[in-house]
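Asks: Here it is, the structure in full.
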Amino acid sequence: MLQEEEGENFWPSFTDLISTIALILFVLVLLAFIQNLISGKNLAYIRAQLDGTAKQLGNSRAQLATSEQRLKALVAEIEAGQSQLKLSEAKVAAQETAIADSNLQLDALRTRLRGIALLRLDVLDNVKKSLETQLKGGKGPALTVAENGNIVLNENLVFEYNSYTIKRDGKPLLQSLAATFGRVLADPAVRANIDVILVQGHTDERGSDAYNRELSAKRANTVLDFMMESNKPLAKDYSGFFASSAYSKSRPVNTAHNEQAYEQNRRIEISIVLKDASVRGLIDDYMKRVEVPAAP
């Protein structure tokens, strides 16, 4: 009896043990499933994060490639700018050299033009001094030099009023004037730059235009003819340098309406006209030798 009871008590206990173990195994399997389920979700989340990170990395790489291209383009622009700057500096240096050369040539041109201008003043001064030396003792200056550089002979030195006949006292003056011009024109440098020595007749405002024009023309021609007749070498060698003109009353030196003004306006002027070709030749020669720098 005792053995039977012990056998009955053993088997239920074993059955309980087995049930407990099975329950534990179920719980462990359940826990493993839950853990796998949680791990799978975590893995999917991590994978999604990895995909997002990979996408961002791809975008960053694309941006980096674009930035590298822009940087290369910027470097190329900087290098091109530096090359252009060097070219510009070279052009500026060349222009500065050309300007310096041009300034030197321009200074030389100014010197030569000044020389031509001084030549005219020198001729006038020589004529004036020569006549004043030869005609010392007369009343007042034999002649004056006007602001325009012309030699001025007052009417009363050469002509009677309203006449174109040379006065006896005026003949020595014109003879000296002819001799002086002969000496001046004997200088080849002077002749090379003189175009014409112009004898001009001027009257006052009284009288008709036609009469004054005729009177001024006759006076100018009479002075020129007398100078040539009184100095044969001048007529022979240098007559081609002389001409006459009549200005009538058109160029008064004093616009007042009184006897003093009328006396000043009645005059003979002798103008020494330099050759324009001499001046133009200097300028043309300068322009040929000067290279105008091209605009950058």
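Simple scheme: letters A, B, ... for chains in structure tokens order, numbers from 1 for residues in each chain, numbers from 1 for ligands in the order shown.
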With a distance cut-off of 12 Å and only C-alpha atoms, select the neighbouring residues of A:Tyr161, excluding the residue or stretch itself and same-chain residues fewer than 5 positions from it, and output the selection as a list in words.

Replies: Asn154, Glu155, Asn156, Ile166, Lys167, Thr203, Asp204, Leu215, Arg219, Tyr262, Glu263, Arg266 and Arg267 of chain A

Asks: For the selection you just gave me, I'd like the residues written to a file as a PDB file, in the first residue's frame, keeping C-alpha atoms.

Replies:
ATOM      1  CA  ASN A 154      52.118 157.594 -89.816  1.00  0.00           C
ATOM      2  CA  GLU A 155      50.747 159.433 -92.852  1.00  0.00           C
ATOM      3  CA  ASN A 156      52.444 162.709 -91.966  1.00  0.00           C
ATOM      4  CA  ILE A 166      55.640 160.947-101.270  1.00  0.00           C
ATOM      5  CA  LYS A 167      56.921 163.974 -99.396  1.00  0.00           C
ATOM      6  CA  THR A 203      42.656 155.907 -94.303  1.00  0.00           C
ATOM      7  CA  ASP A 204      40.355 157.552 -91.791  1.00  0.00           C
ATOM      8  CA  LEU A 215      43.551 156.375-101.942  1.00  0.00           C
ATOM      9  CA  ARG A 219      49.525 155.034-101.141  1.00  0.00           C
ATOM     10  CA  TYR A 262      41.807 160.443 -87.810  1.00  0.00           C
ATOM     11  CA  GLU A 263      45.554 161.126 -87.857  1.00  0.00           C
ATOM     12  CA  ARG A 266      45.751 157.437 -91.681  1.00  0.00           C
ATOM     13  CA  ARG A 267      48.844 155.260 -91.867  1.00  0.00           C
TER      14      ARG A 267
END

Asks: Looking only at the backbone, which of the residues in stretch 41-284 of chain A does DSSP tag as alpha helix (DSSP H), as a PyMOL selection string?

Replies: chain A and resi 41-134+155-158+171-185+188-193+209-230+232-238+259-265+276-284

Asks: Kindly give the distance, in Å, that separates atom CA of A:Asn103 and atom CA of A:Ser88, rounded to a single decimal.

Replies: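 Between atom CA of A:Asn103 and atom CA of A:Ser88 the gap works out to 21.8 Å.
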
Asks: List the neighbours of A:Ala243 out to 7 Å using only C-alpha atoms; skip same-chain residues closer than 5 positions along the sequence, and give me the result as a PyMOL selection string.

Replies: chain A and resi 196-199

Asks: Using only C-alpha atoms, which residues sit within 10 Å of stretch 254-260 of chain A once same-chain residues fewer than 5 positions away are excluded, as a ChimeraX atom specification?

Replies: /A:204-206,265

Asks: Produce a file of the selected residues containing C-alpha atoms, as a JSON list (two decimals), in the first residue's frame.

Replies:
[["chain", "number", "residue", "atom", "x", "y", "z"],
["A", 204, "ASP", "CA", 40.36, 157.55, -91.79],
["A", 205, "GLU", "CA", 36.57, 157.21, -91.87],
["A", 206, "ARG", "CA", 35.84, 160.42, -93.75],
["A", 265, "ASN", "CA", 44.09, 155.88, -88.62]]

Asks: What is the atom CA of A:Gln200 to atom CA of A:Tyr247 distance in Å?

Replies: 6.9 Å

Asks: Among stretch 172-269 of chain A, which residues does DSSP mark as strand (DSSP E or B) when it is run on the backbone? Keep the chain and numbering as in the structure and answer as JSON, numbers by chain.

Replies: {"A": [194, 195, 196, 197, 198, 199, 200, 201, 202, 242, 243, 244, 245, 246, 247, 248, 267, 268, 269]}

Asks: Could you save those same residues with N, CA and C atoms as an mmCIF file, in the first residue's frame?

Replies:
data_model
loop_
_atom_site.group_PDB
_atom_site.id
_atom_site.type_symbol
_atom_site.label_atom_id
_atom_site.label_comp_id
_atom_site.auth_asym_id
_atom_site.auth_seq_id
_atom_site.Cartn_x
_atom_site.Cartn_y
_atom_site.Cartn_z
ATOM 1 N N ILE A 194 59.836 133.547 -94.248
ATOM 2 C CA ILE A 194 58.977 134.692 -94.590
ATOM 3 C C ILE A 194 58.178 134.375 -95.847
ATOM 4 N N ASP A 195 56.875 134.552 -95.739
ATOM 5 C CA ASP A 195 56.010 134.335 -96.891
ATOM 6 C C ASP A 195 55.883 135.615 -97.708
ATOM 7 N N VAL A 196 55.557 136.726 -97.057
ATOM 8 C CA VAL A 196 55.384 137.983 -97.769
ATOM 9 C C VAL A 196 55.587 139.149 -96.806
ATOM 10 N N ILE A 197 56.112 140.256 -97.341
ATOM 11 C CA ILE A 197 56.177 141.523 -96.611
ATOM 12 C C ILE A 197 55.126 142.417 -97.255
ATOM 13 N N LEU A 198 54.053 142.636 -96.511
ATOM 14 C CA LEU A 198 52.861 143.269 -97.073
ATOM 15 C C LEU A 198 52.789 144.734 -96.670
ATOM 16 N N VAL A 199 52.741 145.618 -97.684
ATOM 17 C CA VAL A 199 52.599 147.052 -97.460
ATOM 18 C C VAL A 199 51.115 147.384 -97.540
ATOM 19 N N GLN A 200 50.546 147.877 -96.410
ATOM 20 C CA GLN A 200 49.103 148.111 -96.322
ATOM 21 C C GLN A 200 48.812 149.605 -96.236
ATOM 22 N N GLY A 201 47.792 150.043 -97.000
ATOM 23 C CA GLY A 201 47.345 151.433 -96.940
ATOM 24 C C GLY A 201 46.070 151.544 -96.131
ATOM 25 N N HIS A 202 45.992 152.544 -95.221
ATOM 26 C CA HIS A 202 44.821 152.763 -94.363
ATOM 27 C C HIS A 202 44.445 154.240 -94.388
ATOM 28 N N PHE A 242 57.513 140.910 -101.667
ATOM 29 C CA PHE A 242 56.726 142.091 -101.327
ATOM 30 C C PHE A 242 55.389 142.102 -102.072
ATOM 31 N N ALA A 243 54.394 142.692 -101.407
ATOM 32 C CA ALA A 243 53.077 142.884 -102.020
ATOM 33 C C ALA A 243 52.420 144.072 -101.330
ATOM 34 N N SER A 244 51.360 144.602 -101.945
ATOM 35 C CA SER A 244 50.639 145.737 -101.357
ATOM 36 C C SER A 244 49.159 145.403 -101.269
ATOM 37 N N SER A 245 48.477 146.081 -100.347
ATOM 38 C CA SER A 245 47.037 145.870 -100.183
ATOM 39 C C SER A 245 46.402 147.149 -99.662
ATOM 40 N N ALA A 246 45.106 147.291 -99.905
ATOM 41 C CA ALA A 246 44.372 148.495 -99.507
ATOM 42 C C ALA A 246 43.260 148.108 -98.537
ATOM 43 N N TYR A 247 43.282 148.703 -97.330
ATOM 44 C CA TYR A 247 42.256 148.410 -96.334
ATOM 45 C C TYR A 247 41.288 149.565 -96.146
ATOM 46 N N SER A 248 41.543 150.682 -96.848
ATOM 47 C CA SER A 248 40.641 151.824 -96.767
ATOM 48 C C SER A 248 40.459 152.234 -95.300
ATOM 49 N N ARG A 267 47.527 155.835 -92.105
ATOM 50 C CA ARG A 267 48.844 155.260 -91.867
ATOM 51 C C ARG A 267 49.202 154.236 -92.946
ATOM 52 N N ILE A 268 50.490 153.901 -92.968
ATOM 53 C CA ILE A 268 50.986 152.780 -93.755
ATOM 54 C C ILE A 268 51.483 151.721 -92.770
ATOM 55 N N GLU A 269 50.989 150.513 -92.904
ATOM 56 C CA GLU A 269 51.460 149.406 -92.068
ATOM 57 C C GLU A 269 52.217 148.413 -92.940
#
